[in-house]
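Below is the file start35.cif, which contains mmCIF, C-alpha atoms.
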data_run
loop_
_atom_site.label_atom_id
_atom_site.label_comp_id
_atom_site.auth_asym_id
_atom_site.auth_seq_id
_atom_site.Cartn_x
_atom_site.Cartn_y
_atom_site.Cartn_z
CA MET A 156 -27.47 -1.37 -44.13
CA ILE A 157 -28.31 2.14 -42.95
CA PHE A 158 -31.78 2.45 -41.48
CA ASN A 159 -32.35 6.04 -40.40
CA LEU A 160 -30.84 9.32 -39.13
CA TYR A 161 -31.90 11.59 -36.27
CA VAL A 162 -30.58 15.05 -35.43
CA PHE A 163 -31.47 16.54 -32.03
CA ASN A 164 -30.83 20.06 -30.80
CA LYS A 165 -29.60 20.70 -27.28
CA LYS A 166 -33.13 21.29 -25.99
CA GLY A 167 -34.08 17.72 -26.87
CA GLN A 168 -36.18 18.44 -29.94
CA CYS A 169 -35.64 16.29 -33.00
CA ILE A 170 -34.84 18.80 -35.72
CA TYR A 171 -34.27 16.29 -38.50
CA TYR A 172 -35.39 12.73 -39.14
CA ARG A 173 -34.93 10.67 -42.28
CA GLU A 174 -35.42 6.98 -42.86
CA TRP A 175 -34.22 4.87 -45.74
CA ASN A 176 -34.55 1.22 -44.81
CA ARG A 177 -36.78 0.95 -41.80
CA GLN A 178 -38.50 -2.43 -41.43
CA GLN A 179 -41.18 -1.51 -38.90
CA PRO A 180 -42.47 2.06 -39.07
CA ALA A 181 -42.77 3.76 -35.69
CA GLU A 182 -46.20 3.86 -34.08
CA ASN A 183 -45.66 7.31 -32.66
CA LEU A 184 -42.62 9.09 -34.05
CA ALA A 185 -42.71 11.99 -31.60
CA GLU A 186 -42.86 9.65 -28.63
CA GLU A 187 -40.02 7.57 -30.04
CA GLN A 188 -37.86 10.66 -30.48
CA GLN A 189 -38.52 11.75 -26.90
CA LEU A 190 -37.60 8.29 -25.67
CA ILE A 191 -34.37 8.34 -27.66
CA PHE A 192 -33.38 11.76 -26.35
CA GLY A 193 -34.07 10.71 -22.78
CA PHE A 194 -31.91 7.66 -23.28
CA LEU A 195 -29.09 9.73 -24.80
CA SER A 196 -29.10 12.21 -21.90
CA ALA A 197 -28.89 9.36 -19.42
CA ILE A 198 -26.16 7.41 -21.18
CA THR A 199 -23.92 10.42 -21.93
CA THR A 200 -24.10 11.45 -18.28
CA PHE A 201 -23.37 7.87 -17.24
CA VAL A 202 -20.34 7.61 -19.53
CA SER A 203 -18.90 10.92 -18.36
CA LYS A 204 -19.29 9.83 -14.73
CA THR A 205 -17.87 6.33 -15.06
CA SER A 206 -15.07 6.87 -17.55
CA GLN A 207 -11.43 7.17 -16.48
CA GLU A 208 -10.67 9.62 -19.28
CA VAL A 209 -11.84 13.18 -18.87
CA ASN A 210 -13.43 13.68 -22.27
CA ASP A 211 -14.59 10.19 -23.06
CA LYS A 212 -17.74 10.14 -25.16
CA PHE A 213 -20.47 7.60 -25.75
CA GLN A 214 -20.13 6.35 -29.34
CA CYS A 215 -22.40 3.40 -30.07
CA TYR A 216 -24.30 0.42 -28.80
CA SER A 217 -25.35 -2.72 -30.60
CA THR A 218 -27.98 -5.39 -30.21
CA SER A 219 -28.49 -8.59 -32.20
CA SER A 220 -30.65 -6.74 -34.72
CA TYR A 221 -29.21 -3.22 -34.97
CA LYS A 222 -26.40 -0.83 -34.07
CA MET A 223 -26.79 2.76 -33.00
CA HIS A 224 -23.99 5.22 -33.87
CA TYR A 225 -23.87 8.53 -32.01
CA PHE A 226 -22.01 11.82 -32.25
CA GLU A 227 -22.48 14.95 -30.15
CA SER A 228 -20.98 18.33 -30.97
CA ALA A 229 -19.70 20.68 -28.27
CA THR A 230 -22.69 22.89 -29.07
CA GLY A 231 -25.15 20.21 -27.97
CA LEU A 232 -26.18 18.92 -31.41
CA ARG A 233 -26.71 15.18 -31.40
CA PHE A 234 -26.43 13.03 -34.53
CA LEU A 235 -27.65 9.46 -34.50
CA ILE A 236 -27.66 6.73 -37.16
CA ASN A 237 -29.15 3.25 -36.82
CA THR A 238 -27.66 0.50 -38.96
CA ASP A 239 -27.46 -3.27 -39.09
CA PRO A 240 -25.08 -4.80 -36.52
CA ARG A 241 -22.33 -5.59 -39.04
CA THR A 242 -21.78 -1.99 -40.14
CA PRO A 243 -18.43 -0.65 -38.86
CA SER A 244 -18.14 2.58 -36.88
CA LEU A 245 -19.76 5.57 -38.56
CA GLN A 246 -18.15 8.13 -36.21
CA ARG A 247 -16.27 9.82 -39.03
CA ASP A 248 -19.38 9.89 -41.21
CA LEU A 249 -21.43 11.46 -38.44
CA ARG A 250 -18.69 14.03 -37.93
CA LYS A 251 -18.74 14.71 -41.66
CA ILE A 252 -22.50 15.26 -41.64
CA TYR A 253 -21.98 17.79 -38.86
CA SER A 254 -18.92 19.62 -40.13
CA GLU A 255 -19.50 19.57 -43.88
CA TYR A 256 -23.27 19.45 -44.28
CA TYR A 257 -24.88 20.90 -41.15
CA VAL A 258 -22.37 23.77 -40.81
CA GLU A 259 -22.36 24.67 -44.49
CA PHE A 260 -26.05 24.27 -45.33
CA VAL A 261 -27.94 24.80 -42.10
CA SER A 262 -25.81 26.86 -39.73
CA LYS A 263 -24.70 29.27 -42.45
CA ASN A 264 -28.21 29.55 -43.91
CA PRO A 265 -29.65 32.93 -42.93
CA MET A 266 -33.20 31.69 -43.48
CA TYR A 267 -32.76 28.98 -40.88
CA LYS A 268 -33.54 29.88 -37.27
CA LEU A 269 -31.30 28.02 -34.82
CA GLY A 270 -33.12 25.22 -33.06
CA ASP A 271 -35.92 24.88 -35.63
CA THR A 272 -36.71 21.78 -37.66
CA ILE A 273 -34.37 21.56 -40.62
CA SER A 274 -36.12 22.03 -43.94
CA CYS A 275 -33.17 23.30 -45.97
CA ALA A 276 -33.42 21.56 -49.33
CA HIS A 277 -29.67 21.62 -49.87
CA PHE A 278 -28.96 19.86 -46.60
CA ILE A 279 -31.64 17.22 -47.13
CA GLY A 280 -30.41 16.56 -50.67
CA ILE A 281 -26.75 16.29 -49.86
CA VAL A 282 -27.25 14.07 -46.80
CA ASP A 283 -29.48 11.81 -48.89
CA LYS A 284 -26.81 11.58 -51.57
CA PHE A 285 -24.11 10.90 -49.00
CA ILE A 286 -26.04 8.14 -47.21
CA THR A 287 -27.43 6.42 -50.27
CA GLY A 288 -23.98 6.49 -51.86
CA HIS A 289 -22.30 5.14 -48.73
CA ALA A 290 -20.47 1.81 -48.89
CA ASN A 291 -22.63 0.40 -46.08
CA PHE A 292 -25.98 1.62 -47.35
CA LYS A 293 -27.14 -1.72 -48.71
CA SER A 294 -26.38 -4.97 -46.92
CA GLU A 295 -24.60 -7.61 -48.96
CA MET B 33 -5.88 16.16 -21.40
CA ALA B 34 -2.67 18.15 -21.80
CA THR B 35 -3.04 21.89 -22.23
CA LYS B 36 -2.12 22.93 -25.74
CA LYS B 37 0.84 25.27 -25.99
CA PRO B 38 0.30 28.60 -27.78
CA THR B 39 2.76 27.49 -30.49
CA ASP B 40 0.66 24.38 -31.19
CA LEU B 41 -2.43 26.55 -31.36
CA GLN B 42 -0.70 28.91 -33.77
CA ARG B 43 -0.06 25.97 -36.09
CA ILE B 44 -3.67 24.76 -35.75
CA GLY B 45 -4.82 28.30 -36.47
CA ASP B 46 -2.70 28.53 -39.62
CA GLN B 47 -3.97 25.16 -40.84
CA ALA B 48 -7.59 26.11 -40.19
CA PHE B 49 -7.01 29.45 -41.92
CA LEU B 50 -6.07 27.55 -45.08
CA LYS B 51 -9.42 25.70 -45.01
CA VAL B 52 -11.70 28.72 -44.87
CA GLU B 53 -13.01 30.74 -47.81
CA LYS B 54 -11.41 34.15 -47.98
CA ILE B 55 -12.67 37.54 -49.11
CA ASN B 56 -10.94 40.80 -49.93
CA ALA B 57 -9.89 42.55 -46.72
CA GLU B 58 -10.78 46.02 -47.91
CA LEU B 59 -14.24 44.84 -48.95
CA PHE B 60 -14.70 43.45 -45.45
CA THR B 61 -13.54 46.67 -43.77
CA LEU B 62 -15.74 48.84 -46.00
CA THR B 63 -18.80 46.61 -45.56
CA TYR B 64 -18.43 46.71 -41.79
CA GLY B 65 -17.98 50.47 -41.86
CA ALA B 66 -21.14 50.79 -43.95
CA ILE B 67 -23.07 48.70 -41.40
CA VAL B 68 -21.93 50.87 -38.49
CA GLY B 69 -22.70 54.01 -40.49
CA GLN B 70 -26.20 52.76 -41.27
CA LEU B 71 -26.83 51.82 -37.63
CA LEU B 72 -25.83 55.33 -36.58
CA LYS B 73 -28.40 56.73 -39.01
CA ASP B 74 -31.13 54.30 -37.90
CA PHE B 75 -30.76 54.62 -34.14
CA GLU B 76 -30.91 57.82 -32.16
CA SER B 77 -28.48 57.07 -29.41
CA VAL B 78 -24.93 55.80 -29.70
CA VAL B 79 -25.57 53.52 -26.70
CA GLU B 80 -28.30 51.83 -28.73
CA VAL B 81 -25.90 51.38 -31.66
CA ASN B 82 -23.36 49.76 -29.32
CA ASN B 83 -26.09 47.40 -28.08
CA GLN B 84 -27.18 46.52 -31.61
CA LEU B 85 -23.62 45.73 -32.65
CA GLU B 86 -23.26 43.46 -29.62
CA LYS B 87 -26.56 41.75 -30.40
CA MET B 88 -25.57 41.21 -34.03
CA GLY B 89 -22.29 39.77 -32.87
CA TYR B 90 -24.12 37.47 -30.43
CA ASN B 91 -26.23 35.98 -33.22
CA ILE B 92 -23.14 35.53 -35.38
CA GLY B 93 -21.33 33.88 -32.46
CA LEU B 94 -24.07 31.27 -31.96
CA ARG B 95 -23.52 30.03 -35.51
CA ILE B 96 -19.83 30.68 -35.99
CA ILE B 97 -18.93 28.30 -33.15
CA ASP B 98 -20.15 25.28 -35.17
CA ASP B 99 -18.06 26.40 -38.15
CA PHE B 100 -15.10 26.88 -35.84
CA LEU B 101 -15.44 23.46 -34.19
CA ALA B 102 -15.92 21.77 -37.55
CA LYS B 103 -12.83 23.32 -39.16
CA SER B 104 -10.46 23.27 -36.20
CA SER B 105 -11.46 19.87 -34.76
CA LEU B 106 -10.49 21.09 -31.31
CA GLY B 107 -11.94 19.50 -28.19
CA ARG B 108 -12.65 20.92 -24.75
CA CYS B 109 -10.19 23.39 -23.26
CA SER B 110 -8.71 22.43 -19.91
CA ASP B 111 -8.87 25.91 -18.37
CA LEU B 112 -9.91 29.48 -19.08
CA LYS B 113 -6.44 30.51 -20.24
CA GLU B 114 -6.51 27.81 -22.92
CA THR B 115 -9.95 29.06 -23.98
CA GLY B 116 -8.47 32.53 -24.42
CA ASP B 117 -5.49 31.20 -26.37
CA VAL B 118 -7.78 29.16 -28.65
CA ILE B 119 -10.00 32.20 -29.33
CA GLY B 120 -7.00 34.40 -30.04
CA LYS B 121 -4.73 32.07 -31.98
CA VAL B 122 -7.25 29.87 -33.80
CA GLY B 123 -10.61 31.67 -33.81
CA PHE B 124 -9.35 35.12 -34.68
CA LYS B 125 -6.92 33.67 -37.22
CA MET B 126 -9.65 31.68 -38.97
CA PHE B 127 -12.20 34.44 -39.23
CA LEU B 128 -10.21 37.67 -39.24
CA GLY B 129 -6.85 36.51 -40.53
CA VAL B 130 -5.00 38.04 -37.57
CA THR B 131 -4.14 36.63 -34.16
CA ALA B 132 -4.87 38.04 -30.74
CA SER B 133 -2.93 37.18 -27.58
CA VAL B 134 -4.04 36.58 -24.01
CA SER B 135 -2.81 39.25 -21.59
CA LYS B 136 -3.65 39.61 -17.90
CA TYR B 137 -5.09 36.17 -17.21
CA ASP B 138 -6.53 36.13 -13.69
CA GLN B 139 -7.41 32.63 -12.49
CA LYS B 140 -9.07 33.78 -9.26
CA LYS B 141 -11.29 36.33 -10.93
CA GLN B 142 -11.79 33.94 -13.89
CA GLU B 143 -11.11 36.52 -16.55
CA PHE B 144 -8.61 37.25 -19.29
CA ASN B 145 -7.84 40.04 -21.74
CA LEU B 146 -7.49 39.58 -25.47
CA LEU B 147 -4.96 41.94 -26.98
CA ILE B 148 -5.65 42.68 -30.65
CA GLU B 149 -2.76 44.48 -32.30
CA ASP B 150 -3.88 44.40 -35.89
CA ASN B 151 -7.64 44.77 -36.33
CA PRO B 152 -8.97 44.40 -39.90
CA LEU B 153 -12.29 45.99 -38.94
CA THR B 154 -10.63 49.33 -38.21
CA ASP B 155 -8.18 49.68 -41.11
CA PHE B 156 -8.25 53.28 -42.36
CA VAL B 157 -11.08 54.11 -39.92
CA GLU B 158 -11.14 57.40 -38.01
CA LEU B 159 -13.92 58.24 -35.60
CA PRO B 160 -15.50 61.70 -35.89
CA GLU B 161 -15.18 63.87 -32.76
CA GLU B 162 -18.81 63.43 -31.70
CA TYR B 163 -18.40 59.61 -31.50
CA LYS B 164 -14.89 59.40 -30.07
CA GLU B 165 -16.04 59.12 -26.47
CA SER B 166 -19.13 56.97 -26.89
CA LEU B 167 -19.07 54.68 -29.94
CA LEU B 168 -17.69 51.16 -29.49
CA TYR B 169 -16.95 50.62 -33.17
CA CYS B 170 -15.87 46.98 -32.85
CA ASN B 171 -18.50 45.95 -30.35
CA ILE B 172 -19.56 43.21 -32.73
CA LEU B 173 -16.45 41.31 -31.61
CA CYS B 174 -17.64 41.29 -27.99
CA GLY B 175 -20.96 39.88 -29.14
CA VAL B 176 -19.33 37.17 -31.25
CA ILE B 177 -17.20 35.99 -28.32
CA ARG B 178 -20.19 36.02 -25.97
CA GLY B 179 -22.45 34.13 -28.41
CA ALA B 180 -19.86 31.55 -29.38
CA LEU B 181 -18.98 30.73 -25.76
CA GLU B 182 -22.62 30.60 -24.70
CA ALA B 183 -23.27 27.93 -27.34
CA ILE B 184 -20.69 25.77 -25.59
CA GLN B 185 -22.19 26.36 -22.17
CA MET B 186 -19.89 29.19 -20.99
CA LYS B 187 -21.62 32.36 -19.87
CA VAL B 188 -19.26 35.33 -20.23
CA GLU B 189 -19.23 39.10 -20.20
CA CYS B 190 -17.10 40.94 -22.75
CA GLU B 191 -16.14 44.56 -22.85
CA PHE B 192 -13.49 46.79 -24.33
CA VAL B 193 -10.83 47.99 -21.93
CA LYS B 194 -8.67 49.64 -24.59
CA ASP B 195 -9.66 50.88 -28.02
CA ALA B 196 -7.14 52.01 -30.66
CA LEU B 197 -9.81 54.14 -32.35
CA ARG B 198 -10.24 56.14 -29.17
CA GLY B 199 -6.59 56.93 -28.74
CA ASP B 200 -5.18 53.91 -26.91
CA ASP B 201 -2.08 52.13 -28.17
CA ALA B 202 -3.90 48.87 -28.90
CA THR B 203 -7.33 47.24 -28.70
CA GLU B 204 -8.02 45.01 -25.71
CA ILE B 205 -11.17 43.09 -24.78
CA ARG B 206 -11.75 41.74 -21.27
CA VAL B 207 -13.61 38.44 -21.14
CA LYS B 208 -14.96 37.45 -17.75
CA LEU B 209 -16.40 34.00 -17.07
CA ILE B 210 -19.67 34.31 -15.16
CA GLU B 211 -20.57 30.63 -14.97
CA ILE B 212 -20.37 27.30 -16.72
CA MET B 213 -23.97 26.49 -17.61
CA LYS B 214 -25.29 23.12 -16.57
CA ASP B 215 -27.34 21.09 -19.03
CA ASP B 216 -31.05 21.48 -18.48
CA ILE B 217 -32.79 18.15 -18.86
CA PRO B 218 -35.98 19.01 -20.73
CA ALA B 219 -39.13 18.12 -18.79
CA ASP B 220 -41.42 15.41 -20.11
CA GLY B 221 -43.83 16.98 -22.59
#

Do you think you could lay out the structure here as structure tokens?
Amino acid sequence: MIFNLYVFNKKGQCIYYREWNRQQPAENLAEEQQLIFGFLSAITTFVSKTSQEVNDKFQCYSTSSYKMHYFESATGLRFLINTDPRTPSLQRDLRKIYSEYYVEFVSKNPMYKLGDTISCAHFIGIVDKFITGHANFKSE
Amino acid sequence: MATKKPTDLQRIGDQAFLKVEKINAELFTLTYGAIVGQLLKDFESVVEVNNQLEKMGYNIGLRIIDDFLAKSSLGRCSDLKETGDVIGKVGFKMFLGVTASVSKYDQKKQEFNLLIEDNPLTDFVELPEEYKESLLYCNILCGVIRGALEAIQMKVECEFVKDALRGDDATEIRVKLIEIMKDDIPADG
């Protein structure tokens, strides 16, 4: 089951948030997003320092109740999806959201200023369609 | 990570070229010429036109890098020479349909030259006498390279060292790496 999606820009601002199946709504969404970004900065630095491979990247973590999937572009855009722990890796799906939806509908949109909150209807619609139509959207 | 050979990059460039949407080359050349012509009418000094072209290129570069990374699926380059090869063989191929080659790579000075033999922006273009010394017709390319590299944390300076429109045998851009930018951790709001 897919819970929600966050997109952060390289400055740490959450430029897109969408939830589909969240059990407990956040008390303070802005604070939660800041917390998440702080965590991501710390863990990506940690992984790059401890890994044997030069370009190893942090991909996901899981707990008994949820799994967090993460993808970061070379331009500093961070994509994050929370799902139930049984969902397999969504790396390719995150990459698809970046390369086929963000690039085509946000980056190439002349009305969109880089770094702003995403309000492009096309992007929101197509990501919605992609997630809700995904094999892992509903748990069995 | 092994450095990619230029022949590998050529193949990646050709594959990426197949994925992008294409437009008529003459339309592209004419549209660009119209933009430069309009800028010359709008601004009083040619220096200002050169700056505007660079600025326009910079804004394009900031966005084009995401498109490039998405379609080429390339990762980090191991050194500056590889960066130059990737720009010339993959980047230029994807967006201009022609390749550029790295000439005069200087590891100590951290700079390289991009040699562009066939430039679609300047097909059939001749500069009038009054602009031959001062106008950098393709300055948008310098801006695009600067913007694209800045989005991936590389601060560079780009300038033309040879320009076919001004009488040289080819067009050559020198790209000099100023610094690799470190991530700024945003302060707690």

Item checked: the PyMOL selection byres ((chain A and resi 262) around 12) applied to the shown file, residues as number ranges by chain -> A: 230, 232, 253-261, 263-271, 273, 275, 278; B: 91-100, 102

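Near segment 185-195 of chain A, within 8 Å and counting only C-alpha atoms, sit Phe163, Gly167, Gln168 and Cys169 of chain A, not including residues fewer than 5 positions from it in the same chain.
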
Notebook entry, point to check: Taking only C-alpha atoms into account, which residues of chain B are within 12 Å of chain A, as a VMD selection string?
Noted result: chain B and resid 33 to 34 51 to 53 91 to 110 179 to 186 214 to 221

Margin query: Here's the selection I'm unsure about, the PyMOL selection byres ((chain A and resi 241) around 12); applied to the file above, which residues does it give, as a list of chain:residue names?
Written below: A:Met156, A:Ile157, A:Ser217, A:Thr218, A:Ser219, A:Ser220, A:Tyr221, A:Lys222, A:Met223, A:Asn237, A:Thr238, A:Asp239, A:Pro240, A:Thr242, A:Pro243, A:Ser244, A:Leu245, A:Asn291, A:Phe292, A:Lys293, A:Ser294, A:Glu295

Could you dump the residues just selected with C-alpha atoms as an mmCIF file, in the coordinates of the input?
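Printed below is again-v9.cif as written:
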data_model
loop_
_atom_site.group_PDB
_atom_site.id
_atom_site.type_symbol
_atom_site.label_atom_id
_atom_site.label_comp_id
_atom_site.auth_asym_id
_atom_site.auth_seq_id
_atom_site.Cartn_x
_atom_site.Cartn_y
_atom_site.Cartn_z
ATOM 1 C CA MET A 156 -27.470 -1.370 -44.130
ATOM 2 C CA ILE A 157 -28.310 2.140 -42.950
ATOM 3 C CA SER A 217 -25.350 -2.720 -30.600
ATOM 4 C CA THR A 218 -27.980 -5.390 -30.210
ATOM 5 C CA SER A 219 -28.490 -8.590 -32.200
ATOM 6 C CA SER A 220 -30.650 -6.740 -34.720
ATOM 7 C CA TYR A 221 -29.210 -3.220 -34.970
ATOM 8 C CA LYS A 222 -26.400 -0.830 -34.070
ATOM 9 C CA MET A 223 -26.790 2.760 -33.000
ATOM 10 C CA ASN A 237 -29.150 3.250 -36.820
ATOM 11 C CA THR A 238 -27.660 0.500 -38.960
ATOM 12 C CA ASP A 239 -27.460 -3.270 -39.090
ATOM 13 C CA PRO A 240 -25.080 -4.800 -36.520
ATOM 14 C CA THR A 242 -21.780 -1.990 -40.140
ATOM 15 C CA PRO A 243 -18.430 -0.650 -38.860
ATOM 16 C CA SER A 244 -18.140 2.580 -36.880
ATOM 17 C CA LEU A 245 -19.760 5.570 -38.560
ATOM 18 C CA ASN A 291 -22.630 0.400 -46.080
ATOM 19 C CA PHE A 292 -25.980 1.620 -47.350
ATOM 20 C CA LYS A 293 -27.140 -1.720 -48.710
ATOM 21 C CA SER A 294 -26.380 -4.970 -46.920
ATOM 22 C CA GLU A 295 -24.600 -7.610 -48.960
#

Note to self: Report as a ChimeraX atom specification all protein, DNA and RNA residues lying within 10 Å of Ser77 of chain B, evaluated on only C-alpha atoms, omitting residues in the same chain fewer than 5 positions from it.
What the structure shows: /B:71-72,82,166-167

Checklist line | One-decimal distance in Å that lies between atom CA of Ser274 of chain A and atom CA of Ala290 of chain A | finding: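 Taking atom CA of Ala290 of chain A as the start and atom CA of Ser274 of chain A as the end point, the length is 26.0 Å.
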
Note to self: Take the PyMOL selection byres ((chain A and resi 236) around 7), run it mentally on this structure, and tell me the resulting residues as a list in words.
What the structure shows: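 Those residues are Asn159, Leu160, Tyr161, Met223, His224, Tyr225, Phe234, Leu235, Asn237 and Thr238 of chain A.
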
Write the selection just made, keeping C-alpha atoms, as a PDB file, keeping the file's coordinate frame?
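So the final result, stored in part.pdb, reads:
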ATOM      1  CA  ASN A 159     -32.350   6.040 -40.400  1.00  0.00           C
ATOM      2  CA  LEU A 160     -30.840   9.320 -39.130  1.00  0.00           C
ATOM      3  CA  TYR A 161     -31.900  11.590 -36.270  1.00  0.00           C
ATOM      4  CA  MET A 223     -26.790   2.760 -33.000  1.00  0.00           C
ATOM      5  CA  HIS A 224     -23.990   5.220 -33.870  1.00  0.00           C
ATOM      6  CA  TYR A 225     -23.870   8.530 -32.010  1.00  0.00           C
ATOM      7  CA  PHE A 234     -26.430  13.030 -34.530  1.00  0.00           C
ATOM      8  CA  LEU A 235     -27.650   9.460 -34.500  1.00  0.00           C
ATOM      9  CA  ASN A 237     -29.150   3.250 -36.820  1.00  0.00           C
ATOM     10  CA  THR A 238     -27.660   0.500 -38.960  1.00  0.00           C
TER      11      THR A 238
END

Note to self: Under the rule that only C-alpha atoms are counted, which of B:Lys187, B:Asn83, B:Met126, B:Val78 is the nearest residue to Lys164 of chain B?
What the structure shows: B:Val78

Next item on the list: For atom CA of Glu143 of chain B and atom CA of Val79 of chain B, determine how far apart the two atoms are, in Å to one decimal place.
Entry: 24.5 Å

Could you work out an axis-aligned box for segment 253-258 of chain A, taking every atom the file lists and adding 5 Å on each side, and report centre and edge lengths in Å to one decimal, as lines of an AutoDock Vina configuration file?
center_x = -21.9
center_y = 20.8
center_z = -41.6
size_x = 16.0
size_y = 16.0
size_z = 15.4

Next item on the list: Would you list the contacts of Lys212 of chain A as an NGL selection string, taking every protein, DNA or RNA residue within 8 Å and counting all atoms listed in the file, but skipping same-chain residues closer than 3 positions in sequence?
Entry: :A and (199 or 202-203)

Those residues with C-alpha atoms, as an mmCIF file, in the frame of the given file please?
data_model
loop_
_atom_site.group_PDB
_atom_site.id
_atom_site.type_symbol
_atom_site.label_atom_id
_atom_site.label_comp_id
_atom_site.auth_asym_id
_atom_site.auth_seq_id
_atom_site.Cartn_x
_atom_site.Cartn_y
_atom_site.Cartn_z
ATOM 1 C CA THR A 199 -23.920 10.420 -21.930
ATOM 2 C CA VAL A 202 -20.340 7.610 -19.530
ATOM 3 C CA SER A 203 -18.900 10.920 -18.360
#

Margin query: Please list as a list in words every residue within 8 Å of Phe127 of chain B, counting all atoms listed in the file and excluding residues in the same chain fewer than 3 positions away.
Written below: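 My list of contacting residues is Phe49, Gly123 and Phe124 of chain B.
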
Those residues with C-alpha atoms, as a PDB file, in the coordinates of the input please?
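File produced: selection02.pdb:
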ATOM      1  CA  PHE B  49      -7.010  29.450 -41.920  1.00  0.00           C
ATOM      2  CA  GLY B 123     -10.610  31.670 -33.810  1.00  0.00           C
ATOM      3  CA  PHE B 124      -9.350  35.120 -34.680  1.00  0.00           C
TER       4      PHE B 124
END

Show me, as a short mmCIF file (atom, residue, chain, number, x, y, z; two decimals) with C-alpha atoms, in the frame of the given file, the residues that have an atom within 10 Å of segment 188-197 of chain B when counting all atoms listed in the file, minus same-chain residues fewer than 2 positions from it.
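Result file part.cif:
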data_model
loop_
_atom_site.label_atom_id
_atom_site.label_comp_id
_atom_site.auth_asym_id
_atom_site.auth_seq_id
_atom_site.Cartn_x
_atom_site.Cartn_y
_atom_site.Cartn_z
CA GLU B 86 -23.26 43.46 -29.62
CA GLN B 142 -11.79 33.94 -13.89
CA GLU B 143 -11.11 36.52 -16.55
CA PHE B 144 -8.61 37.25 -19.29
CA ASN B 145 -7.84 40.04 -21.74
CA LEU B 146 -7.49 39.58 -25.47
CA LEU B 147 -4.96 41.94 -26.98
CA ILE B 148 -5.65 42.68 -30.65
CA GLU B 149 -2.76 44.48 -32.30
CA ASP B 150 -3.88 44.40 -35.89
CA ASN B 151 -7.64 44.77 -36.33
CA THR B 154 -10.63 49.33 -38.21
CA ASP B 155 -8.18 49.68 -41.11
CA VAL B 157 -11.08 54.11 -39.92
CA GLU B 158 -11.14 57.40 -38.01
CA LEU B 159 -13.92 58.24 -35.60
CA LYS B 164 -14.89 59.40 -30.07
CA GLU B 165 -16.04 59.12 -26.47
CA LEU B 167 -19.07 54.68 -29.94
CA LEU B 168 -17.69 51.16 -29.49
CA TYR B 169 -16.95 50.62 -33.17
CA CYS B 170 -15.87 46.98 -32.85
CA ASN B 171 -18.50 45.95 -30.35
CA LEU B 173 -16.45 41.31 -31.61
CA CYS B 174 -17.64 41.29 -27.99
CA GLY B 175 -20.96 39.88 -29.14
CA VAL B 176 -19.33 37.17 -31.25
CA ILE B 177 -17.20 35.99 -28.32
CA ARG B 178 -20.19 36.02 -25.97
CA GLY B 179 -22.45 34.13 -28.41
CA ALA B 180 -19.86 31.55 -29.38
CA LEU B 181 -18.98 30.73 -25.76
CA GLU B 182 -22.62 30.60 -24.70
CA GLN B 185 -22.19 26.36 -22.17
CA MET B 186 -19.89 29.19 -20.99
CA GLY B 199 -6.59 56.93 -28.74
CA ASP B 200 -5.18 53.91 -26.91
CA ASP B 201 -2.08 52.13 -28.17
CA ALA B 202 -3.90 48.87 -28.90
CA THR B 203 -7.33 47.24 -28.70
CA GLU B 204 -8.02 45.01 -25.71
CA ILE B 205 -11.17 43.09 -24.78
CA ARG B 206 -11.75 41.74 -21.27
CA VAL B 207 -13.61 38.44 -21.14
CA LYS B 208 -14.96 37.45 -17.75
CA LEU B 209 -16.40 34.00 -17.07
CA ILE B 210 -19.67 34.31 -15.16
CA GLU B 211 -20.57 30.63 -14.97
CA ILE B 212 -20.37 27.30 -16.72
#

Margin query: I'd like the interatomic distance between atom CA of Glu174 of chain A and atom CA of Phe158 of chain A, to a tenth of an Å.
Written below: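 Going from atom CA of Glu174 of chain A over to atom CA of Phe158 of chain A covers 6.0 Å.
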
Checklist line | Among listed residues B:Thr39, B:Asn56, B:Gln139, B:Thr61, nearest Asp111 of chain B (using only C-alpha atoms) | finding: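 Closest to Asp111 of chain B, using only C-alpha atoms: B:Gln139.
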